Amino acid sequence: MAAIETTNRPDTDEGGMGYLQSLPRRLVTVYLPLLVFVIVLLFPFYWMTITAVKPNLEMTDYANFNPFWVVHPTLEHIRYLLFETSYPGWLLNTIIISTAATFLSLFASVFAAYAIERLRFSGARQVGLAIFLAYLVPPSILFIPLSVMVFNLGLYDTSFALILTYPTFLIPFCTWLLMGYFRSIPFELEECALIDGASRLQILTKIVLPLSVPGLISAGIFAFTLSWNEFIYALTFIQSSENKTVPVGVLTELVRSDVYEWGALMAGALIGSLPVVVLYSFFVEHYVSSMTGAVKE
Amino acid sequence: MALQSAAIQPRSSNLSRILSRWAESRNALGFGFMLPAAVLLLVFLTYPLGLGVWLGFTDARIGRPGIFIGLENYEYLWSDAVFWLSVFNTLLYTISASILKFVLGLWLALILNQNLPFKSFFRAIVLLPWVVPTVLSAIAFWWIYDAQFSILSWALQQMGLIDHRINFLGDPTNARASVIAANVWRGIPFVAITLLAGLQTIPQSLYEAATLDGASRWQLFRYVTLPLLTPIIAITMTFSVLFTFTDFQLIYVLTRGGPVNATHLMATLSFQRGISGGQLGEGAAIAVAMIPFLLAAILFSYFGLQRRKWQQGGGD
């Protein structure tokens, strides 16, 4: 489903009717707006980076230093962040929580998607629809009752509170995505295996899963990013500084009411974004296909 | 076992028996496979959803289970000006941000759909704002919107367009515009990339045929692109509206609902009253009040999907 989108257009049509347009016209209608879009969309990242390496003196003195550039770059803010705050601990927490939530969700989703898509048990369609509706339930209306539950279960202020609640938005998404991938695997392969006496579990692990590795990667990195970016649950369920995740820690611990450590804040935002950006840069196509796939099917 | 019984039973009932056994095992297996996902979702999604509705009818506070008080929370909210202000803010925020995201996102998608050099590179960097954690990019916006050292104010002053610094987050109107701008910035990539995927499924031959018939560029867009893109637009915008409506992070970072509640959304008000203020019941009631709006958006999505099936030749 998602994988074929980019190749749908025949190669011979690649240029389309672009040759009918003159260069000056394309300059005004295509390149100029694109340039503006790119600058606006990327400027906050540039500003984040430049502030993270700017000495405090230059940061507030716009008269003598051009704010768009840095004259004496410094690693002071990053050093402060890594050695004088709990930031490394937050990073570790976020990595552990995101990884655990992702694998838990993938495990549950693989079985659920296979059951809905291929076992076709009675009511499979209704369950599929329910999964889609679950995807539409936003965390903003769940965090209050969930906080009550988390507290009553004794999970308050532990990583398990997040590992167990993140799948509520990850499983619907992953299941929906994997259903699409499983649908694209030919039935005949499974029928052959059935005739050869394979059990359903063997079919799933030896035939379907190896064929849907791209789908698993898409779902996995997307789920990892969503857990990494999650904020409202982490803000509500975690109290102590050493258990916080990066987004919550940066906002609640680095921001003090009296003085804003803008350099350290920006360094925190930059380093907190890097893992997902690196992951993203390796798997751009998977990201795009999972994002569009979730919408299209 | 099935073979043994087959030898004794008449043929027709035997067949139906095997079929029913098969269906049974299918159902049993299906149940087993669904179990992990179902347990997690029922315990941590369905149950809290019900619990939230129940909490809305109680006077629960943090550390104290509440008792049933009927519609008291809702009666209180009905006469609470701040609540109605948050409803107004949420609608204003959602509608204006969604319109801007749609227009700009569609525009960007149309640009990226052209035959560009480094097309996949552009597509990759355009998606960045959406990949980076919202809270962290919102912190960058916070610094951009700083009252004293805003880079925007400085740049505009250097260009001679304004003569004093803009108070981005301190003035109600400015604060609203600023948070909407930040939300649009983050939302454009999602809209653009999903619409781009939709655009790429439109066959070029349709454009060529229309051009031969003498269609102008506007007509090409209006009568070829737009109708074929409508289903994707409907779904993309439903998602976009849902996420904008329930937004929390951006507001929490940039303004926490201020100045004088001018940017309080229903989600942030629910957090402020429910968690910070400890009035779980009232917070839950505010969250429940969001549900009718969400249902409306989901129904919209449903009819978007319906239309798609019809366009593809009906049936399922």
# chains A, B, ... in the order shown; residues from 1 in each chain; ligands from 1
$ closest_atom_pairs --of "chain B" --to "chain A" --cutoff "6 Å" --atoms "only C-alpha atoms" --output "JSON lines"
{"residue": "B:Arg26", "atom": "CA", "partner": "A:Phe121", "partner_atom": "CA", "distance": 5.8}
{"residue": "B:Asn27", "atom": "CA", "partner": "A:Phe121", "partner_atom": "CA", "distance": 4.8}
{"residue": "B:Gly30", "atom": "CA", "partner": "A:Ala115", "partner_atom": "CA", "distance": 5.2}
{"residue": "B:Phe33", "atom": "CA", "partner": "A:Phe111", "partner_atom": "CA", "distance": 5.0}
{"residue": "B:Met34", "atom": "CA", "partner": "A:Ala112", "partner_atom": "CA", "distance": 4.7}
{"residue": "B:Pro36", "atom": "CA", "partner": "A:Ala108", "partner_atom": "CA", "distance": 5.2}
{"residue": "B:Ala37", "atom": "CA", "partner": "A:Ala108", "partner_atom": "CA", "distance": 4.8}
{"residue": "B:Leu41", "atom": "CA", "partner": "A:Thr168", "partner_atom": "CA", "distance": 5.8}
{"residue": "B:Leu45", "atom": "CA", "partner": "A:Thr168", "partner_atom": "CA", "distance": 5.9}
{"residue": "B:Pro48", "atom": "CA", "partner": "A:Pro145", "partner_atom": "CA", "distance": 5.2}
{"residue": "B:Leu51", "atom": "CA", "partner": "A:Pro145", "partner_atom": "CA", "distance": 5.8}
{"residue": "B:Gly52", "atom": "CA", "partner": "A:Pro145", "partner_atom": "CA", "distance": 5.0}
{"residue": "B:Ile111", "atom": "CA", "partner": "A:Val30", "partner_atom": "CA", "distance": 5.7}
{"residue": "B:Asn115", "atom": "CA", "partner": "A:Gly15", "partner_atom": "CA", "distance": 5.7}
{"residue": "B:Val132", "atom": "CA", "partner": "A:Ser273", "partner_atom": "CA", "distance": 5.5}
{"residue": "B:Pro133", "atom": "CA", "partner": "A:Asn229", "partner_atom": "CA", "distance": 4.4}
{"residue": "B:Val135", "atom": "CA", "partner": "A:Pro247", "partner_atom": "CA", "distance": 5.9}
{"residue": "B:Leu136", "atom": "CA", "partner": "A:Ala269", "partner_atom": "CA", "distance": 4.8}
{"residue": "B:Ala140", "atom": "CA", "partner": "A:Met48", "partner_atom": "CA", "distance": 5.9}
{"residue": "B:Thr194", "atom": "CA", "partner": "A:Thr292", "partner_atom": "CA", "distance": 5.1}
{"residue": "B:Thr246", "atom": "CA", "partner": "A:Ser140", "partner_atom": "CA", "distance": 6.0}
{"residue": "B:Ala267", "atom": "CA", "partner": "A:Ser140", "partner_atom": "CA", "distance": 5.8}
{"residue": "B:Ala287", "atom": "CA", "partner": "A:Ile141", "partner_atom": "CA", "distance": 4.9}
$ write_last_selection --atoms "C-alpha atoms" --output "PDB file, in the first residue's frame"
ATOM      1  CA  ARG B  26      -9.638 -20.002  13.740  1.00  0.00           C
ATOM      2  CA  ASN B  27     -11.584 -18.087  16.322  1.00  0.00           C
ATOM      3  CA  GLY B  30      -7.582 -15.344  16.601  1.00  0.00           C
ATOM      4  CA  PHE B  33      -3.298 -13.707  18.859  1.00  0.00           C
ATOM      5  CA  MET B  34      -5.431 -10.705  19.772  1.00  0.00           C
ATOM      6  CA  PRO B  36      -1.741  -9.065  24.163  1.00  0.00           C
ATOM      7  CA  ALA B  37      -2.992  -6.063  22.196  1.00  0.00           C
ATOM      8  CA  LEU B  41      -5.812  -1.504  25.027  1.00  0.00           C
ATOM      9  CA  LEU B  45      -7.391   2.832  26.909  1.00  0.00           C
ATOM     10  CA  PRO B  48      -9.599   4.894  31.493  1.00  0.00           C
ATOM     11  CA  LEU B  51     -13.176   6.030  34.211  1.00  0.00           C
ATOM     12  CA  GLY B  52     -12.706   9.542  32.832  1.00  0.00           C
ATOM     13  CA  ILE B 111       5.782  22.631  -5.213  1.00  0.00           C
ATOM     14  CA  ASN B 115      10.156  17.974 -11.226  1.00  0.00           C
ATOM     15  CA  VAL B 132      11.706  16.638  16.309  1.00  0.00           C
ATOM     16  CA  PRO B 133      10.005  16.439  19.726  1.00  0.00           C
ATOM     17  CA  VAL B 135       8.433  20.277  23.368  1.00  0.00           C
ATOM     18  CA  LEU B 136      12.003  20.806  22.261  1.00  0.00           C
ATOM     19  CA  ALA B 140      13.294  27.020  20.477  1.00  0.00           C
ATOM     20  CA  THR B 194       0.712  13.196   3.049  1.00  0.00           C
ATOM     21  CA  THR B 246      -6.220  18.235  21.615  1.00  0.00           C
ATOM     22  CA  ALA B 267      -6.466  20.375  27.251  1.00  0.00           C
ATOM     23  CA  ALA B 287     -11.643  16.505  29.043  1.00  0.00           C
TER      24      ALA B 287
END
$ residues_around --residues "region 89-99 of chain A" --least-positions-apart "6" --cutoff "7 Å" --atoms "only C-alpha atoms" --output "list in words"
Ser159, Leu162, Ile163, Phe224, Ser227, Trp228, Glu242, Asn243, Lys244, Thr245, Val246 and Gly249 of chain A
$ residues_around --residues "Phe102 (chain B)" --least-positions-apart "6" --cutoff "8 Å" --atoms "only C-alpha atoms" --output "ChimeraX atom specification"
/B:188,191,237
$ select_by_dssp --residues "region 243-315 of chain B" --states "helix (DSSP H, G or I)" --output "ChimeraX atom specification"
/B:243-245,249-254,266-276,280-311
$ closest_residue --among "A:Leu82, A:Gly215, A:Ile207, A:Phe237" --to "Leu153 (chain A)" --atoms "only C-alpha atoms"
A:Phe237
$ residues_around --residues "Leu254 (chain B)" --least-positions-apart "4" --cutoff "9 Å" --atoms "only C-alpha atoms" --output "PyMOL selection string"
chain B and resi 138-139+141-142+145+169+175+179+249-250+258
$ write_last_selection --atoms "N, CA and C atoms" --output "PDB file, in the first residue's frame"
ATOM      1  N   ALA B 138       9.359  23.636  20.597  1.00  0.00           N
ATOM      2  CA  ALA B 138       8.610  24.726  21.228  1.00  0.00           C
ATOM      3  C   ALA B 138       9.528  25.563  22.109  1.00  0.00           C
ATOM      4  N   ILE B 139      10.519  24.912  22.734  1.00  0.00           N
ATOM      5  CA  ILE B 139      11.476  25.676  23.536  1.00  0.00           C
ATOM      6  C   ILE B 139      12.274  26.621  22.637  1.00  0.00           C
ATOM      7  N   PHE B 141      11.101  27.954  19.950  1.00  0.00           N
ATOM      8  CA  PHE B 141      10.182  29.059  19.649  1.00  0.00           C
ATOM      9  C   PHE B 141      10.063  30.013  20.826  1.00  0.00           C
ATOM     10  N   TRP B 142      10.133  29.463  21.999  1.00  0.00           N
ATOM     11  CA  TRP B 142      10.074  30.285  23.199  1.00  0.00           C
ATOM     12  C   TRP B 142      11.201  31.310  23.191  1.00  0.00           C
ATOM     13  N   TYR B 145      10.607  33.860  20.552  1.00  0.00           N
ATOM     14  CA  TYR B 145       9.568  34.807  20.966  1.00  0.00           C
ATOM     15  C   TYR B 145       9.953  35.588  22.220  1.00  0.00           C
ATOM     16  N   LEU B 169       4.617  37.087  23.537  1.00  0.00           N
ATOM     17  CA  LEU B 169       3.815  36.205  24.382  1.00  0.00           C
ATOM     18  C   LEU B 169       3.149  36.945  25.532  1.00  0.00           C
ATOM     19  N   ALA B 175      -0.039  36.764  21.616  1.00  0.00           N
ATOM     20  CA  ALA B 175       0.230  35.419  22.126  1.00  0.00           C
ATOM     21  C   ALA B 175      -0.547  34.395  21.316  1.00  0.00           C
ATOM     22  N   VAL B 179       1.291  31.400  19.153  1.00  0.00           N
ATOM     23  CA  VAL B 179       1.155  29.953  19.336  1.00  0.00           C
ATOM     24  C   VAL B 179       0.572  29.317  18.074  1.00  0.00           C
ATOM     25  N   GLN B 249       1.121  20.338  24.394  1.00  0.00           N
ATOM     26  CA  GLN B 249       2.538  20.577  24.636  1.00  0.00           C
ATOM     27  C   GLN B 249       2.953  22.003  24.311  1.00  0.00           C
ATOM     28  N   LEU B 250       2.553  22.452  23.108  1.00  0.00           N
ATOM     29  CA  LEU B 250       3.004  23.754  22.626  1.00  0.00           C
ATOM     30  C   LEU B 250       2.578  24.864  23.588  1.00  0.00           C
ATOM     31  N   GLY B 258      -1.458  31.577  29.581  1.00  0.00           N
ATOM     32  CA  GLY B 258      -1.499  33.020  29.732  1.00  0.00           C
ATOM     33  C   GLY B 258      -1.365  33.713  28.404  1.00  0.00           C
TER      34      GLY B 258
END
$ atom_distance --atom1 "CA of Leu226 (chain B)" --atom2 "CA of Leu199 (chain B)"
9.4 Å
$ residues_around --residues "Glu261 (chain A)" --least-positions-apart "6" --cutoff "9 Å" --atoms "only C-alpha atoms" --output "PDB file with C-alpha atoms, in the first residue's frame"
ATOM      1  CA  ASN A  56      26.370  34.219  27.134  1.00  0.00           C
ATOM      2  CA  HIS A  77      26.584  25.016  27.659  1.00  0.00           C
ATOM      3  CA  LEU A 254      16.402  23.502  33.288  1.00  0.00           C
ATOM      4  CA  VAL A 255      13.886  26.352  33.384  1.00  0.00           C
TER       5      VAL A 255
END
$ closest_residue --among "A:Tyr181, A:Phe282, A:Phe132, A:Thr74" --to "Pro210 (chain A)" --atoms "only C-alpha atoms"
A:Tyr181
$ atom_distance --atom1 "CA of Ser241 (chain A)" --atom2 "CA of Pro129 (chain B)"
27.5 Å
$ residues_around --residues "Glu72 (chain B)" --least-positions-apart "5" --cutoff "10 Å" --atoms "only C-alpha atoms" --output "VMD selection string"
chain B and resid 56 to 59 77 to 78 281 to 282 285
$ write_last_selection --atoms "N, CA and C atoms" --output "PDB file, in the first residue's frame"
ATOM      1  N   GLY B  56     -15.763  12.545  35.802  1.00  0.00           N
ATOM      2  CA  GLY B  56     -16.419  13.809  35.508  1.00  0.00           C
ATOM      3  C   GLY B  56     -17.691  14.016  36.323  1.00  0.00           C
ATOM      4  N   PHE B  57     -18.268  12.914  36.811  1.00  0.00           N
ATOM      5  CA  PHE B  57     -19.477  13.015  37.633  1.00  0.00           C
ATOM      6  C   PHE B  57     -19.167  12.963  39.133  1.00  0.00           C
ATOM      7  N   THR B  58     -17.882  13.005  39.493  1.00  0.00           N
ATOM      8  CA  THR B  58     -17.530  12.926  40.912  1.00  0.00           C
ATOM      9  C   THR B  58     -16.740  14.163  41.323  1.00  0.00           C
ATOM     10  N   ASP B  59     -16.525  14.290  42.631  1.00  0.00           N
ATOM     11  CA  ASP B  59     -15.714  15.409  43.109  1.00  0.00           C
ATOM     12  C   ASP B  59     -14.333  14.916  43.535  1.00  0.00           C
ATOM     13  N   LEU B  77     -18.958  24.321  35.294  1.00  0.00           N
ATOM     14  CA  LEU B  77     -18.235  24.733  34.089  1.00  0.00           C
ATOM     15  C   LEU B  77     -19.109  25.599  33.197  1.00  0.00           C
ATOM     16  N   TRP B  78     -20.427  25.256  33.154  1.00  0.00           N
ATOM     17  CA  TRP B  78     -21.353  25.993  32.292  1.00  0.00           C
ATOM     18  C   TRP B  78     -21.342  27.477  32.645  1.00  0.00           C
ATOM     19  N   GLY B 281     -11.896  15.585  39.336  1.00  0.00           N
ATOM     20  CA  GLY B 281     -13.248  15.506  38.787  1.00  0.00           C
ATOM     21  C   GLY B 281     -13.499  16.599  37.768  1.00  0.00           C
ATOM     22  N   GLU B 282     -13.149  17.822  38.144  1.00  0.00           N
ATOM     23  CA  GLU B 282     -13.399  18.947  37.247  1.00  0.00           C
ATOM     24  C   GLU B 282     -12.533  18.848  35.991  1.00  0.00           C
ATOM     25  N   ALA B 285     -14.017  16.388  33.725  1.00  0.00           N
ATOM     26  CA  ALA B 285     -15.208  16.924  33.067  1.00  0.00           C
ATOM     27  C   ALA B 285     -14.819  17.783  31.869  1.00  0.00           C
TER      28      ALA B 285
END
$ atom_distance --atom1 "CA of Phe245 (chain B)" --atom2 "CA of Thr94 (chain B)"
5.4 Å
$ residues_around --residues "Arg176 (chain B)" --least-positions-apart "6" --cutoff "9 Å" --atoms "only C-alpha atoms" --output "list in words"
Asn89, Tyr93, Phe168, Leu169, Ala262 and Thr263 of chain B
$ decode --residues "region 29-171 of chain B" --atoms "C-alpha atoms" --output "JSON list (two decimals), in the first residue's frame"
[["chain", "number", "residue", "atom", "x", "y", "z"],
["B", 29, "LEU", "CA", -6.36, -18.81, 17.46],
["B", 30, "GLY", "CA", -7.58, -15.34, 16.60],
["B", 31, "PHE", "CA", -8.50, -14.80, 20.23],
["B", 32, "GLY", "CA", -5.07, -15.93, 21.38],
["B", 33, "PHE", "CA", -3.30, -13.71, 18.86],
["B", 34, "MET", "CA", -5.43, -10.71, 19.77],
["B", 35, "LEU", "CA", -4.89, -11.18, 23.50],
["B", 36, "PRO", "CA", -1.74, -9.07, 24.16],
["B", 37, "ALA", "CA", -2.99, -6.06, 22.20],
["B", 38, "ALA", "CA", -6.54, -6.41, 23.52],
["B", 39, "VAL", "CA", -5.46, -6.60, 27.16],
["B", 40, "LEU", "CA", -3.20, -3.55, 26.87],
["B", 41, "LEU", "CA", -5.81, -1.50, 25.03],
["B", 42, "LEU", "CA", -8.74, -2.53, 27.21],
["B", 43, "VAL", "CA", -6.86, -1.89, 30.45],
["B", 44, "PHE", "CA", -5.06, 1.31, 29.51],
["B", 45, "LEU", "CA", -7.39, 2.83, 26.91],
["B", 46, "THR", "CA", -10.99, 1.67, 27.13],
["B", 47, "TYR", "CA", -11.15, 1.44, 30.89],
["B", 48, "PRO", "CA", -9.60, 4.89, 31.49],
["B", 49, "LEU", "CA", -11.97, 6.33, 28.90],
["B", 50, "GLY", "CA", -14.89, 5.07, 30.97],
["B", 51, "LEU", "CA", -13.18, 6.03, 34.21],
["B", 52, "GLY", "CA", -12.71, 9.54, 32.83],
["B", 53, "VAL", "CA", -16.41, 9.88, 32.12],
["B", 54, "TRP", "CA", -17.17, 8.57, 35.61],
["B", 55, "LEU", "CA", -14.64, 10.95, 37.24],
["B", 56, "GLY", "CA", -16.42, 13.81, 35.51],
["B", 57, "PHE", "CA", -19.48, 13.02, 37.63],
["B", 58, "THR", "CA", -17.53, 12.93, 40.91],
["B", 59, "ASP", "CA", -15.71, 15.41, 43.11],
["B", 60, "ALA", "CA", -12.48, 13.37, 43.15],
["B", 61, "ARG", "CA", -9.32, 15.13, 44.16],
["B", 62, "ILE", "CA", -5.73, 13.95, 44.13],
["B", 63, "GLY", "CA", -5.35, 11.47, 46.98],
["B", 64, "ARG", "CA", -9.08, 11.25, 47.69],
["B", 65, "PRO", "CA", -11.56, 9.12, 45.74],
["B", 66, "GLY", "CA", -14.62, 11.23, 45.03],
["B", 67, "ILE", "CA", -18.30, 10.58, 45.47],
["B", 68, "PHE", "CA", -20.96, 10.84, 42.79],
["B", 69, "ILE", "CA", -22.21, 14.42, 42.49],
["B", 70, "GLY", "CA", -24.17, 14.16, 39.25],
["B", 71, "LEU", "CA", -23.81, 17.05, 36.84],
["B", 72, "GLU", "CA", -22.38, 19.48, 39.38],
["B", 73, "ASN", "CA", -19.00, 19.73, 37.62],
["B", 74, "TYR", "CA", -20.71, 20.49, 34.33],
["B", 75, "GLU", "CA", -23.07, 23.00, 35.93],
["B", 76, "TYR", "CA", -20.07, 24.73, 37.42],
["B", 77, "LEU", "CA", -18.24, 24.73, 34.09],
["B", 78, "TRP", "CA", -21.35, 25.99, 32.29],
["B", 79, "SER", "CA", -21.21, 29.18, 34.37],
["B", 80, "ASP", "CA", -17.41, 29.42, 34.31],
["B", 81, "ALA", "CA", -16.19, 32.18, 32.01],
["B", 82, "VAL", "CA", -12.66, 30.76, 31.87],
["B", 83, "PHE", "CA", -13.99, 27.44, 30.58],
["B", 84, "TRP", "CA", -15.96, 29.13, 27.81],
["B", 85, "LEU", "CA", -12.92, 31.24, 26.99],
["B", 86, "SER", "CA", -10.90, 28.03, 26.64],
["B", 87, "VAL", "CA", -13.56, 26.57, 24.33],
["B", 88, "PHE", "CA", -13.42, 29.71, 22.23],
["B", 89, "ASN", "CA", -9.62, 29.63, 22.22],
["B", 90, "THR", "CA", -9.56, 25.97, 21.23],
["B", 91, "LEU", "CA", -11.94, 26.56, 18.33],
["B", 92, "LEU", "CA", -10.06, 29.65, 17.19],
["B", 93, "TYR", "CA", -6.72, 27.85, 17.50],
["B", 94, "THR", "CA", -7.95, 24.73, 15.70],
["B", 95, "ILE", "CA", -9.78, 26.48, 12.88],
["B", 96, "SER", "CA", -7.19, 29.11, 12.05],
["B", 97, "ALA", "CA", -4.22, 26.77, 12.43],
["B", 98, "SER", "CA", -5.91, 24.07, 10.35],
["B", 99, "ILE", "CA", -6.81, 26.46, 7.54],
["B", 100, "LEU", "CA", -3.26, 27.83, 7.44],
["B", 101, "LYS", "CA", -1.76, 24.35, 7.60],
["B", 102, "PHE", "CA", -4.01, 23.18, 4.79],
["B", 103, "VAL", "CA", -3.32, 26.11, 2.46],
["B", 104, "LEU", "CA", 0.43, 26.22, 3.09],
["B", 105, "GLY", "CA", 0.75, 22.44, 3.21],
["B", 106, "LEU", "CA", -1.07, 22.01, -0.10],
["B", 107, "TRP", "CA", 1.05, 24.73, -1.64],
["B", 108, "LEU", "CA", 4.25, 23.05, -0.44],
["B", 109, "ALA", "CA", 2.99, 19.67, -1.67],
["B", 110, "LEU", "CA", 2.29, 21.12, -5.11],
["B", 111, "ILE", "CA", 5.78, 22.63, -5.21],
["B", 112, "LEU", "CA", 7.42, 19.37, -4.15],
["B", 113, "ASN", "CA", 5.38, 17.50, -6.76],
["B", 114, "GLN", "CA", 7.16, 19.45, -9.51],
["B", 115, "ASN", "CA", 10.16, 17.97, -11.23],
["B", 116, "LEU", "CA", 12.82, 19.33, -8.89],
["B", 117, "PRO", "CA", 16.51, 18.60, -8.52],
["B", 118, "PHE", "CA", 17.28, 16.98, -5.13],
["B", 119, "LYS", "CA", 13.58, 16.28, -4.68],
["B", 120, "SER", "CA", 13.97, 13.56, -2.06],
["B", 121, "PHE", "CA", 16.47, 15.71, -0.18],
["B", 122, "PHE", "CA", 13.97, 18.57, 0.01],
["B", 123, "ARG", "CA", 11.24, 16.20, 1.04],
["B", 124, "ALA", "CA", 13.46, 14.86, 3.81],
["B", 125, "ILE", "CA", 14.38, 18.23, 5.32],
["B", 126, "VAL", "CA", 10.83, 19.54, 5.01],
["B", 127, "LEU", "CA", 9.63, 16.80, 7.33],
["B", 128, "LEU", "CA", 12.14, 17.70, 10.07],
["B", 129, "PRO", "CA", 9.87, 19.98, 12.14],
["B", 130, "TRP", "CA", 7.46, 17.11, 12.47],
["B", 131, "VAL", "CA", 10.09, 14.59, 13.56],
["B", 132, "VAL", "CA", 11.71, 16.64, 16.31],
["B", 133, "PRO", "CA", 10.00, 16.44, 19.73],
["B", 134, "THR", "CA", 7.37, 19.18, 19.92],
["B", 135, "VAL", "CA", 8.43, 20.28, 23.37],
["B", 136, "LEU", "CA", 12.00, 20.81, 22.26],
["B", 137, "SER", "CA", 11.11, 22.76, 19.13],
["B", 138, "ALA", "CA", 8.61, 24.73, 21.23],
["B", 139, "ILE", "CA", 11.48, 25.68, 23.54],
["B", 140, "ALA", "CA", 13.29, 27.02, 20.48],
["B", 141, "PHE", "CA", 10.18, 29.06, 19.65],
["B", 142, "TRP", "CA", 10.07, 30.28, 23.20],
["B", 143, "TRP", "CA", 13.54, 31.73, 22.73],
["B", 144, "ILE", "CA", 12.58, 33.13, 19.32],
["B", 145, "TYR", "CA", 9.57, 34.81, 20.97],
["B", 146, "ASP", "CA", 11.58, 36.11, 23.94],
["B", 147, "ALA", "CA", 10.33, 39.54, 25.03],
["B", 148, "GLN", "CA", 13.79, 41.08, 25.23],
["B", 149, "PHE", "CA", 16.07, 39.15, 22.89],
["B", 150, "SER", "CA", 13.66, 38.00, 20.19],
["B", 151, "ILE", "CA", 15.54, 37.47, 16.96],
["B", 152, "LEU", "CA", 12.37, 38.34, 15.02],
["B", 153, "SER", "CA", 12.02, 41.70, 16.70],
["B", 154, "TRP", "CA", 15.70, 42.41, 16.11],
["B", 155, "ALA", "CA", 15.55, 41.44, 12.46],
["B", 156, "LEU", "CA", 12.42, 43.52, 11.84],
["B", 157, "GLN", "CA", 13.98, 46.48, 13.64],
["B", 158, "GLN", "CA", 17.13, 46.20, 11.54],
["B", 159, "MET", "CA", 14.99, 46.24, 8.43],
["B", 160, "GLY", "CA", 13.22, 49.31, 9.76],
["B", 161, "LEU", "CA", 9.78, 47.70, 9.70],
["B", 162, "ILE", "CA", 9.03, 48.21, 13.40],
["B", 163, "ASP", "CA", 10.37, 50.74, 15.88],
["B", 164, "HIS", "CA", 9.94, 48.86, 19.16],
["B", 165, "ARG", "CA", 10.22, 45.24, 20.23],
["B", 166, "ILE", "CA", 7.17, 43.03, 19.73],
["B", 167, "ASN", "CA", 5.79, 41.57, 22.95],
["B", 168, "PHE", "CA", 5.10, 38.16, 21.41],
["B", 169, "LEU", "CA", 3.81, 36.20, 24.38],
["B", 170, "GLY", "CA", 2.81, 38.99, 26.77],
["B", 171, "ASP", "CA", -0.10, 40.49, 24.85]]
